[in-house]
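Peer 1: If you scroll down you'll find the structure; I have some questions about it.
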Amino acid sequence: MPISPNQGSTGGGTSVVITGTGLAGTSAVHFGTKPATIVGTPTPTQVNVVSPSGSGMVDVTVTTPGGTSNPLSFFYVGAPFASSLSPDSGGTGGGNTVTINGTGLATATAVQFGTTSATPTVVNDGQLTVVVPTGVAAGSVGVTVTTAGGTADDLSYTYVDQPTILALSPLSGPTAGGTEVTITGTNLATTQSVTFGGTPAPFVVISGTSISVVTPPGADGPVDVTVTTTGGSATSAGAFTYTAGPSI
C-alpha cells in the first residue's frame, strides 16, 4: 500500500494519496495516533487525506469495516530557513547559478524567483544551487524555496538589464596606452570590467550611462571594447584604434 508523498510539514496540511485494495469503506486514517482528514470519497484502491501535525517518523494506517491495514511510514520535516543567496543579482536573461544557504533544505523541490519557478540541485541540508530563470523585467524579486516542510521566503534577487555601448571618445590613441577614454551607453552602473582587445583596463563608473577608462598598451590597429556588468556583457567591435608612433 504505497503512500505519496511519504513526507510533509510538521505543521500538517500535506495532501497525501494512499493506494491499495479494499479501501472503499475507509472510516479513518491515522498518522501515528492522530487522525487525518479524509478528502472526498475513498475508492476501492485509493483514499486521499490531509496530514495532521506531527514530528519524526510515524506509522500511517487505514481503518475500514474489514479492519486496520498494515502500517506505512510517513516522515515529518521541519520548515526550511534560507539565510543567504550568492550572487544576489544577475542579468534579466537568467542562466547564472546561485547558491542558497540555510537549514532544512534537503527536500527542496522548487525555487521561485518572483513568479517563475526553477528546479534546484540539493547539495546538503544546508545548501542548494539553482540556475536563475529568465526575469520578467529588471528589478528585485522575492525568492521562495519550497520543501516538504514548507516554504522559506526570506530572500530577494535583483535582475539587471544587459549593458550597451553607444560611443567611445576619443576613438584612437597610442599603442603605449594611457589614453583616457569615455564610454557612453546604458546600464553601466554595475560595471565589473572593461577590456580593450581582451586586455583589462582600469575604469571608474561615472554614472549608469558613462564610464571613464584608461587604455592599456595594445598592438597597432583596431580592437574590440567589451564592458561586463552584473547584467551581462556588451562588445563594440573594432571600436578603438591603437596607433603606432612615428619612426625615422
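By convention here, the chains of the C-alpha cells are called A, B, ... in the order presented, each chain's residues are numbered starting at 1, and ligands are numbered starting at 1 in the order presented.
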Please list as a PyMOL selection string every residue within 10 Å of segment 113-121 of chain A, counting only C-alpha atoms and excluding residues in the same chain fewer than 5 positions away.
Peer 2: chain A and resi 97-100+106+108+127-136+140-146+155-159
Peer 1: Deliver the residues from the most recent selection as a file, using N, CA, C and O atoms, as a CSV table (one decimal), in the first residue's frame.
Peer 2:
chain,number,residue,atom,x,y,z
A,97,THR,N,24.2,30.5,-12.1
A,97,THR,CA,23.9,29.7,-11.0
A,97,THR,C,24.1,30.4,-9.7
A,97,THR,O,25.2,31.0,-9.5
A,98,VAL,N,23.2,30.3,-8.8
A,98,VAL,CA,23.3,30.9,-7.5
A,98,VAL,C,23.3,29.8,-6.4
A,98,VAL,O,22.7,28.7,-6.6
A,99,THR,N,23.8,30.1,-5.3
A,99,THR,CA,23.9,29.2,-4.1
A,99,THR,C,23.0,29.8,-3.0
A,99,THR,O,23.1,30.9,-2.7
A,100,ILE,N,22.2,28.9,-2.5
A,100,ILE,CA,21.3,29.3,-1.3
A,100,ILE,C,21.7,28.5,-0.1
A,100,ILE,O,21.8,27.3,-0.2
A,106,ALA,N,17.1,20.0,2.5
A,106,ALA,CA,17.4,18.7,1.8
A,106,ALA,C,16.2,18.2,0.9
A,106,ALA,O,16.5,17.5,0.0
A,108,ALA,N,14.2,20.2,-0.8
A,108,ALA,CA,13.7,21.3,-1.7
A,108,ALA,C,13.3,20.7,-3.1
A,108,ALA,O,14.1,19.9,-3.7
A,127,GLN,N,22.5,23.6,2.1
A,127,GLN,CA,22.8,24.3,0.8
A,127,GLN,C,22.2,23.7,-0.4
A,127,GLN,O,22.1,22.5,-0.5
A,128,LEU,N,21.8,24.5,-1.3
A,128,LEU,CA,21.4,24.1,-2.6
A,128,LEU,C,21.9,25.1,-3.7
A,128,LEU,O,22.2,26.2,-3.4
A,129,THR,N,21.9,24.6,-4.9
A,129,THR,CA,22.2,25.5,-6.0
A,129,THR,C,21.0,25.5,-7.0
A,129,THR,O,20.3,24.6,-7.1
A,130,VAL,N,20.9,26.6,-7.8
A,130,VAL,CA,19.8,26.7,-8.7
A,130,VAL,C,20.2,27.6,-9.9
A,130,VAL,O,20.9,28.6,-9.6
A,131,VAL,N,19.8,27.3,-11.1
A,131,VAL,CA,20.0,28.1,-12.2
A,131,VAL,C,18.9,29.2,-12.3
A,131,VAL,O,17.7,28.8,-12.4
A,132,VAL,N,19.3,30.4,-12.3
A,132,VAL,CA,18.3,31.5,-12.3
A,132,VAL,C,17.5,31.5,-13.6
A,132,VAL,O,18.0,31.5,-14.7
A,133,PRO,N,16.1,31.5,-13.5
A,133,PRO,CA,15.3,31.6,-14.8
A,133,PRO,C,15.3,33.0,-15.3
A,133,PRO,O,15.8,34.0,-14.7
A,134,THR,N,14.8,33.2,-16.5
A,134,THR,CA,14.7,34.5,-17.2
A,134,THR,C,13.8,35.4,-16.4
A,134,THR,O,12.8,35.0,-15.9
A,135,GLY,N,14.3,36.6,-16.2
A,135,GLY,CA,13.4,37.6,-15.5
A,135,GLY,C,12.4,38.3,-16.3
A,135,GLY,O,12.6,38.5,-17.5
A,136,VAL,N,11.3,38.7,-15.7
A,136,VAL,CA,10.3,39.4,-16.5
A,136,VAL,C,10.7,40.8,-16.8
A,136,VAL,O,10.5,41.3,-17.9
A,140,SER,N,14.0,44.0,-8.4
A,140,SER,CA,14.2,43.0,-7.3
A,140,SER,C,12.9,42.1,-7.2
A,140,SER,O,11.8,42.6,-7.4
A,141,VAL,N,13.1,40.8,-7.0
A,141,VAL,CA,12.0,39.8,-6.9
A,141,VAL,C,12.3,39.0,-5.6
A,141,VAL,O,13.4,38.8,-5.2
A,142,GLY,N,11.2,38.5,-5.0
A,142,GLY,CA,11.3,37.6,-3.9
A,142,GLY,C,11.7,36.2,-4.3
A,142,GLY,O,11.4,35.8,-5.4
A,143,VAL,N,12.5,35.6,-3.5
A,143,VAL,CA,13.0,34.2,-3.8
A,143,VAL,C,12.3,33.3,-2.7
A,143,VAL,O,12.5,33.5,-1.5
A,144,THR,N,11.6,32.3,-3.2
A,144,THR,CA,10.9,31.3,-2.3
A,144,THR,C,11.4,29.9,-2.5
A,144,THR,O,11.5,29.4,-3.6
A,145,VAL,N,11.8,29.2,-1.4
A,145,VAL,CA,12.3,27.9,-1.5
A,145,VAL,C,11.2,27.0,-1.0
A,145,VAL,O,10.7,27.2,0.2
A,146,THR,N,10.8,26.0,-1.8
A,146,THR,CA,9.7,25.1,-1.3
A,146,THR,C,10.3,23.7,-1.0
A,146,THR,O,11.0,23.1,-1.8
A,155,LEU,N,14.4,35.7,1.2
A,155,LEU,CA,15.5,36.3,0.3
A,155,LEU,C,14.9,37.0,-0.9
A,155,LEU,O,13.7,37.0,-1.2
A,156,SER,N,15.8,37.8,-1.5
A,156,SER,CA,15.4,38.5,-2.8
A,156,SER,C,16.6,38.5,-3.7
A,156,SER,O,17.8,38.3,-3.4
A,157,TYR,N,16.3,38.6,-5.0
A,157,TYR,CA,17.2,38.6,-6.1
A,157,TYR,C,17.0,39.8,-7.0
A,157,TYR,O,15.8,40.1,-7.3
A,158,THR,N,18.0,40.4,-7.5
A,158,THR,CA,17.8,41.6,-8.4
A,158,THR,C,18.2,41.3,-9.8
A,158,THR,O,19.4,40.9,-10.1
A,159,TYR,N,17.3,41.4,-10.7
A,159,TYR,CA,17.6,41.3,-12.1
A,159,TYR,C,18.1,42.6,-12.7
A,159,TYR,O,17.6,43.7,-12.3
Peer 1: Tell me, as a list in words, which residues lie within 7 Å of segment 231-237 of chain A, counting only C-alpha atoms; anything in the same chain fewer than 3 positions away does not count.
Peer 2: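 After dropping sequence-adjacent residues, the list is Gly90, Gly91, Thr92, Val160, Asp161, Gln162, Pro163, Thr164, Ile165, Val223, Asp224, Val225, Thr226, Val227 and Thr228 of chain A.
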Peer 1: Please write the residues from the selection above to a file, keeping N, CA and C atoms, as a PDB file, in the first residue's frame.
Peer 2:
ATOM      1  N   GLY A  90      21.865  39.469 -11.135  1.00  0.00           N
ATOM      2  CA  GLY A  90      22.329  38.966 -12.420  1.00  0.00           C
ATOM      3  C   GLY A  90      21.452  39.482 -13.539  1.00  0.00           C
ATOM      4  N   GLY A  91      21.801  39.134 -14.760  1.00  0.00           N
ATOM      5  CA  GLY A  91      21.093  39.629 -15.937  1.00  0.00           C
ATOM      6  C   GLY A  91      19.664  39.143 -16.034  1.00  0.00           C
ATOM      7  N   THR A  92      18.850  39.925 -16.728  1.00  0.00           N
ATOM      8  CA  THR A  92      17.448  39.541 -16.912  1.00  0.00           C
ATOM      9  C   THR A  92      17.322  38.270 -17.748  1.00  0.00           C
ATOM     10  N   VAL A 160      19.144  42.570 -13.480  1.00  0.00           N
ATOM     11  CA  VAL A 160      19.776  43.766 -14.042  1.00  0.00           C
ATOM     12  C   VAL A 160      19.760  43.670 -15.569  1.00  0.00           C
ATOM     13  N   ASP A 161      19.382  44.764 -16.226  1.00  0.00           N
ATOM     14  CA  ASP A 161      19.375  44.782 -17.693  1.00  0.00           C
ATOM     15  C   ASP A 161      20.788  44.673 -18.249  1.00  0.00           C
ATOM     16  N   GLN A 162      20.911  44.062 -19.427  1.00  0.00           N
ATOM     17  CA  GLN A 162      22.207  43.924 -20.089  1.00  0.00           C
ATOM     18  C   GLN A 162      22.692  45.298 -20.555  1.00  0.00           C
ATOM     19  N   PRO A 163      24.017  45.528 -20.474  1.00  0.00           N
ATOM     20  CA  PRO A 163      24.549  46.850 -20.877  1.00  0.00           C
ATOM     21  C   PRO A 163      24.608  47.008 -22.392  1.00  0.00           C
ATOM     22  N   THR A 164      24.728  48.245 -22.815  1.00  0.00           N
ATOM     23  CA  THR A 164      25.002  48.552 -24.223  1.00  0.00           C
ATOM     24  C   THR A 164      26.114  49.588 -24.287  1.00  0.00           C
ATOM     25  N   ILE A 165      26.880  49.553 -25.370  1.00  0.00           N
ATOM     26  CA  ILE A 165      27.893  50.570 -25.647  1.00  0.00           C
ATOM     27  C   ILE A 165      27.413  51.395 -26.829  1.00  0.00           C
ATOM     28  N   VAL A 223      40.710  47.415 -32.128  1.00  0.00           N
ATOM     29  CA  VAL A 223      40.430  46.334 -31.178  1.00  0.00           C
ATOM     30  C   VAL A 223      38.987  46.433 -30.695  1.00  0.00           C
ATOM     31  N   ASP A 224      38.465  45.293 -30.260  1.00  0.00           N
ATOM     32  CA  ASP A 224      37.128  45.270 -29.670  1.00  0.00           C
ATOM     33  C   ASP A 224      37.180  45.814 -28.244  1.00  0.00           C
ATOM     34  N   VAL A 225      36.115  46.506 -27.871  1.00  0.00           N
ATOM     35  CA  VAL A 225      35.983  47.005 -26.498  1.00  0.00           C
ATOM     36  C   VAL A 225      34.792  46.294 -25.860  1.00  0.00           C
ATOM     37  N   THR A 226      35.021  45.665 -24.700  1.00  0.00           N
ATOM     38  CA  THR A 226      33.968  44.901 -24.023  1.00  0.00           C
ATOM     39  C   THR A 226      33.763  45.427 -22.608  1.00  0.00           C
ATOM     40  N   VAL A 227      32.512  45.684 -22.287  1.00  0.00           N
ATOM     41  CA  VAL A 227      32.129  46.098 -20.929  1.00  0.00           C
ATOM     42  C   VAL A 227      31.303  44.976 -20.316  1.00  0.00           C
ATOM     43  N   THR A 228      31.709  44.517 -19.134  1.00  0.00           N
ATOM     44  CA  THR A 228      30.989  43.451 -18.432  1.00  0.00           C
ATOM     45  C   THR A 228      30.388  44.005 -17.144  1.00  0.00           C
TER      46      THR A 228
END
Peer 1: Between A:Pro52, A:Gly149, A:Gly93, A:Pro216, which has the minimum distance to Ala79 of chain A (counting only C-alpha atoms)?
Peer 2: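 Checking each candidate against Ala79 of chain A, we get A:Gly149 as the closest.
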Peer 1: Pick out each residue of segment 138-202 of chain A that DSSP on the backbone tags as strand (DSSP E or B); I need them as a PyMOL selection string.
Peer 2: chain A and resi 139-147+150-160+164-169+172-174+180-186+191-196+199-200
Peer 1: Based on the selection just made, write N, CA and C atoms of those residues as a tab-separated table (two decimals), in the first residue's frame.
Peer 2:
chain	number	residue	atom	x	y	z
A	139	GLY	N	14.85	44.57	-11.86
A	139	GLY	CA	14.33	44.91	-10.54
A	139	GLY	C	14.44	43.73	-9.58
A	140	SER	N	14.04	43.97	-8.35
A	140	SER	CA	14.16	42.97	-7.29
A	140	SER	C	12.91	42.09	-7.23
A	141	VAL	N	13.13	40.77	-7.03
A	141	VAL	CA	12.01	39.84	-6.87
A	141	VAL	C	12.26	38.99	-5.63
A	142	GLY	N	11.19	38.52	-5.03
A	142	GLY	CA	11.32	37.62	-3.89
A	142	GLY	C	11.75	36.23	-4.34
A	143	VAL	N	12.50	35.55	-3.50
A	143	VAL	CA	12.95	34.19	-3.77
A	143	VAL	C	12.35	33.26	-2.72
A	144	THR	N	11.62	32.26	-3.18
A	144	THR	CA	10.94	31.33	-2.27
A	144	THR	C	11.43	29.91	-2.52
A	145	VAL	N	11.85	29.25	-1.44
A	145	VAL	CA	12.29	27.86	-1.51
A	145	VAL	C	11.17	26.97	-0.96
A	146	THR	N	10.76	25.99	-1.76
A	146	THR	CA	9.70	25.07	-1.34
A	146	THR	C	10.29	23.71	-1.01
A	147	THR	N	9.99	23.21	0.19
A	147	THR	CA	10.45	21.89	0.63
A	147	THR	C	9.25	21.10	1.15
A	150	GLY	N	7.66	22.89	4.06
A	150	GLY	CA	7.02	24.20	3.89
A	150	GLY	C	7.83	25.08	2.97
A	151	THR	N	7.74	26.38	3.16
A	151	THR	CA	8.43	27.32	2.29
A	151	THR	C	9.25	28.32	3.12
A	152	ALA	N	10.31	28.84	2.47
A	152	ALA	CA	11.12	29.91	3.04
A	152	ALA	C	11.15	31.04	2.03
A	153	ASP	N	10.77	32.23	2.46
A	153	ASP	CA	10.69	33.36	1.53
A	153	ASP	C	11.40	34.59	2.09
A	154	ASP	N	12.59	34.36	2.65
A	154	ASP	CA	13.32	35.44	3.32
A	154	ASP	C	14.32	36.16	2.41
A	155	LEU	N	14.43	35.74	1.15
A	155	LEU	CA	15.49	36.26	0.28
A	155	LEU	C	14.92	37.04	-0.90
A	156	SER	N	15.82	37.80	-1.53
A	156	SER	CA	15.45	38.52	-2.76
A	156	SER	C	16.60	38.46	-3.75
A	157	TYR	N	16.27	38.64	-5.02
A	157	TYR	CA	17.25	38.60	-6.10
A	157	TYR	C	16.95	39.77	-7.03
A	158	THR	N	18.01	40.42	-7.51
A	158	THR	CA	17.83	41.60	-8.36
A	158	THR	C	18.23	41.29	-9.80
A	159	TYR	N	17.29	41.45	-10.70
A	159	TYR	CA	17.56	41.31	-12.13
A	159	TYR	C	18.08	42.64	-12.67
A	160	VAL	N	19.14	42.57	-13.48
A	160	VAL	CA	19.78	43.77	-14.04
A	160	VAL	C	19.76	43.67	-15.57
A	164	THR	N	24.73	48.25	-22.82
A	164	THR	CA	25.00	48.55	-24.22
A	164	THR	C	26.11	49.59	-24.29
A	165	ILE	N	26.88	49.55	-25.37
A	165	ILE	CA	27.89	50.57	-25.65
A	165	ILE	C	27.41	51.40	-26.83
A	166	LEU	N	27.29	52.71	-26.62
A	166	LEU	CA	26.80	53.58	-27.68
A	166	LEU	C	27.92	54.35	-28.36
A	167	ALA	N	28.94	54.76	-27.58
A	167	ALA	CA	30.00	55.57	-28.19
A	167	ALA	C	31.25	55.55	-27.32
A	168	LEU	N	32.40	55.80	-27.96
A	168	LEU	CA	33.68	55.99	-27.27
A	168	LEU	C	34.25	57.33	-27.70
A	169	SER	N	34.95	58.00	-26.78
A	169	SER	CA	35.60	59.27	-27.12
A	169	SER	C	36.84	59.45	-26.25
A	172	SER	N	40.74	56.74	-30.74
A	172	SER	CA	42.07	56.19	-31.00
A	172	SER	C	43.08	56.76	-30.00
A	173	GLY	N	44.23	56.08	-29.93
A	173	GLY	CA	45.28	56.51	-29.03
A	173	GLY	C	46.53	55.70	-29.28
A	174	PRO	N	47.64	56.06	-28.65
A	174	PRO	CA	48.92	55.39	-28.90
A	174	PRO	C	48.94	53.96	-28.39
A	180	GLU	N	42.87	58.38	-21.89
A	180	GLU	CA	41.63	58.39	-21.12
A	180	GLU	C	40.45	58.42	-22.07
A	181	VAL	N	39.63	57.39	-22.00
A	181	VAL	CA	38.50	57.22	-22.91
A	181	VAL	C	37.19	57.25	-22.12
A	182	THR	N	36.21	57.95	-22.64
A	182	THR	CA	34.87	57.95	-22.05
A	182	THR	C	33.97	57.03	-22.86
A	183	ILE	N	33.41	56.05	-22.19
A	183	ILE	CA	32.46	55.13	-22.84
A	183	ILE	C	31.06	55.52	-22.39
A	184	THR	N	30.19	55.74	-23.34
A	184	THR	CA	28.79	56.04	-23.03
A	184	THR	C	27.91	54.89	-23.50
A	185	GLY	N	26.85	54.65	-22.78
A	185	GLY	CA	25.95	53.56	-23.12
A	185	GLY	C	24.78	53.52	-22.16
A	186	THR	N	24.28	52.32	-21.89
A	186	THR	CA	23.16	52.15	-20.95
A	186	THR	C	23.47	51.01	-19.99
A	191	THR	N	29.18	48.00	-13.68
A	191	THR	CA	30.33	47.53	-14.46
A	191	THR	C	31.37	46.83	-13.57
A	192	GLN	N	31.78	45.66	-14.02
A	192	GLN	CA	32.76	44.85	-13.29
A	192	GLN	C	34.12	44.84	-13.99
A	193	SER	N	34.14	44.99	-15.31
A	193	SER	CA	35.40	45.01	-16.03
A	193	SER	C	35.21	45.65	-17.40
A	194	VAL	N	36.33	46.21	-17.92
A	194	VAL	CA	36.38	46.76	-19.28
A	194	VAL	C	37.65	46.23	-19.92
A	195	THR	N	37.54	45.71	-21.13
A	195	THR	CA	38.73	45.21	-21.82
A	195	THR	C	38.87	45.86	-23.19
A	196	PHE	N	40.13	46.08	-23.60
A	196	PHE	CA	40.47	46.57	-24.94
A	196	PHE	C	41.26	45.45	-25.62
A	199	THR	N	42.41	42.84	-23.16
A	199	THR	CA	43.28	43.26	-22.06
A	199	THR	C	42.50	44.15	-21.09
A	200	PRO	N	42.48	43.79	-19.80
A	200	PRO	CA	41.73	44.60	-18.83
A	200	PRO	C	42.26	46.03	-18.74
Peer 1: Determine the nearest neighbour of Gly13 of chain A from the options A:Thr41, A:Gln46, A:Ser51, A:Thr179, counting only C-alpha atoms.
Peer 2: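 Among the listed residues, A:Ser51 lies closest to Gly13 of chain A.
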Peer 1: Work out how far atom CA of Val204 of chain A is from atom CA of Thr175 of chain A, in Å to one decimal.
Peer 2: 21.3 Å
Peer 1: I want to know what sits within 8 Å of Thr190 of chain A, based on only C-alpha atoms, with residues of the same chain fewer than 3 positions away left out; could you give that as a ChimeraX atom specification?
Peer 2: /A:187,208,229-231
Peer 1: Could you dump the residues just selected with N, CA, C and O atoms as an mmCIF file, in the first residue's frame?
Peer 2:
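So the final result, stored in again.cif, reads:
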data_model
loop_
_atom_site.group_PDB
_atom_site.id
_atom_site.type_symbol
_atom_site.label_atom_id
_atom_site.label_comp_id
_atom_site.auth_asym_id
_atom_site.auth_seq_id
_atom_site.Cartn_x
_atom_site.Cartn_y
_atom_site.Cartn_z
ATOM 1 N N ASN A 187 22.888 51.082 -18.808
ATOM 2 C CA ASN A 187 23.007 50.032 -17.783
ATOM 3 C C ASN A 187 24.467 49.730 -17.429
ATOM 4 O O ASN A 187 24.870 48.574 -17.325
ATOM 5 N N GLY A 208 25.223 55.604 -14.645
ATOM 6 C CA GLY A 208 24.654 54.455 -15.336
ATOM 7 C C GLY A 208 24.818 54.516 -16.832
ATOM 8 O O GLY A 208 24.591 53.507 -17.528
ATOM 9 N N THR A 229 29.098 43.783 -16.974
ATOM 10 C CA THR A 229 28.381 44.241 -15.786
ATOM 11 C C THR A 229 27.685 43.060 -15.131
ATOM 12 O O THR A 229 27.737 41.932 -15.626
ATOM 13 N N THR A 230 26.993 43.339 -14.041
ATOM 14 C CA THR A 230 26.186 42.303 -13.406
ATOM 15 C C THR A 230 25.138 41.760 -14.363
ATOM 16 O O THR A 230 24.770 40.587 -14.294
ATOM 17 N N GLY A 231 24.679 42.597 -15.271
ATOM 18 C CA GLY A 231 23.634 42.198 -16.216
ATOM 19 C C GLY A 231 24.126 41.478 -17.446
ATOM 20 O O GLY A 231 23.326 41.008 -18.253
#
Peer 1: Pick from A:Ala138, A:Ala148, A:Val50, A:Ala36: nearest to Gly94 of chain A, with only C-alpha atoms counted?
Peer 2: A:Ala138
Peer 1: In Å, with one decimal, what is the gap from atom CA of Ala24 of chain A to atom CA of Val60 of chain A?
Peer 2: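 Straight-line distance from atom CA of Ala24 of chain A to atom CA of Val60 of chain A works out to 17.0 Å.
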Peer 1: Pick out the closest residue to Phe81 of chain A from this set: A:Gly40, A:Gly67, A:Pro5, A:Gly126. Count only C-alpha atoms.
Peer 2: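 Result for the nearest residue to Phe81 of chain A: A:Gly126.
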Peer 1: A:Asn6, A:Thr107, A:Asn48, A:Thr209: which is nearest Gly20 of chain A, counting only C-alpha atoms?
Peer 2: A:Asn48
Peer 1: Pick out the closest residue to Pro2 of chain A from this set: A:Thr14, A:Ser53, A:Thr103, A:Ser73. Count only C-alpha atoms.
Peer 2: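 Ranking A:Thr14, A:Ser53, A:Thr103, A:Ser73 by distance to Pro2 of chain A, first place goes to A:Ser73.
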Peer 1: Just to confirm, what's the straight-line distance from atom CA of Ser86 of chain A to atom CA of Val111 of chain A in Å (one decimal)?
Peer 2: 14.0 Å
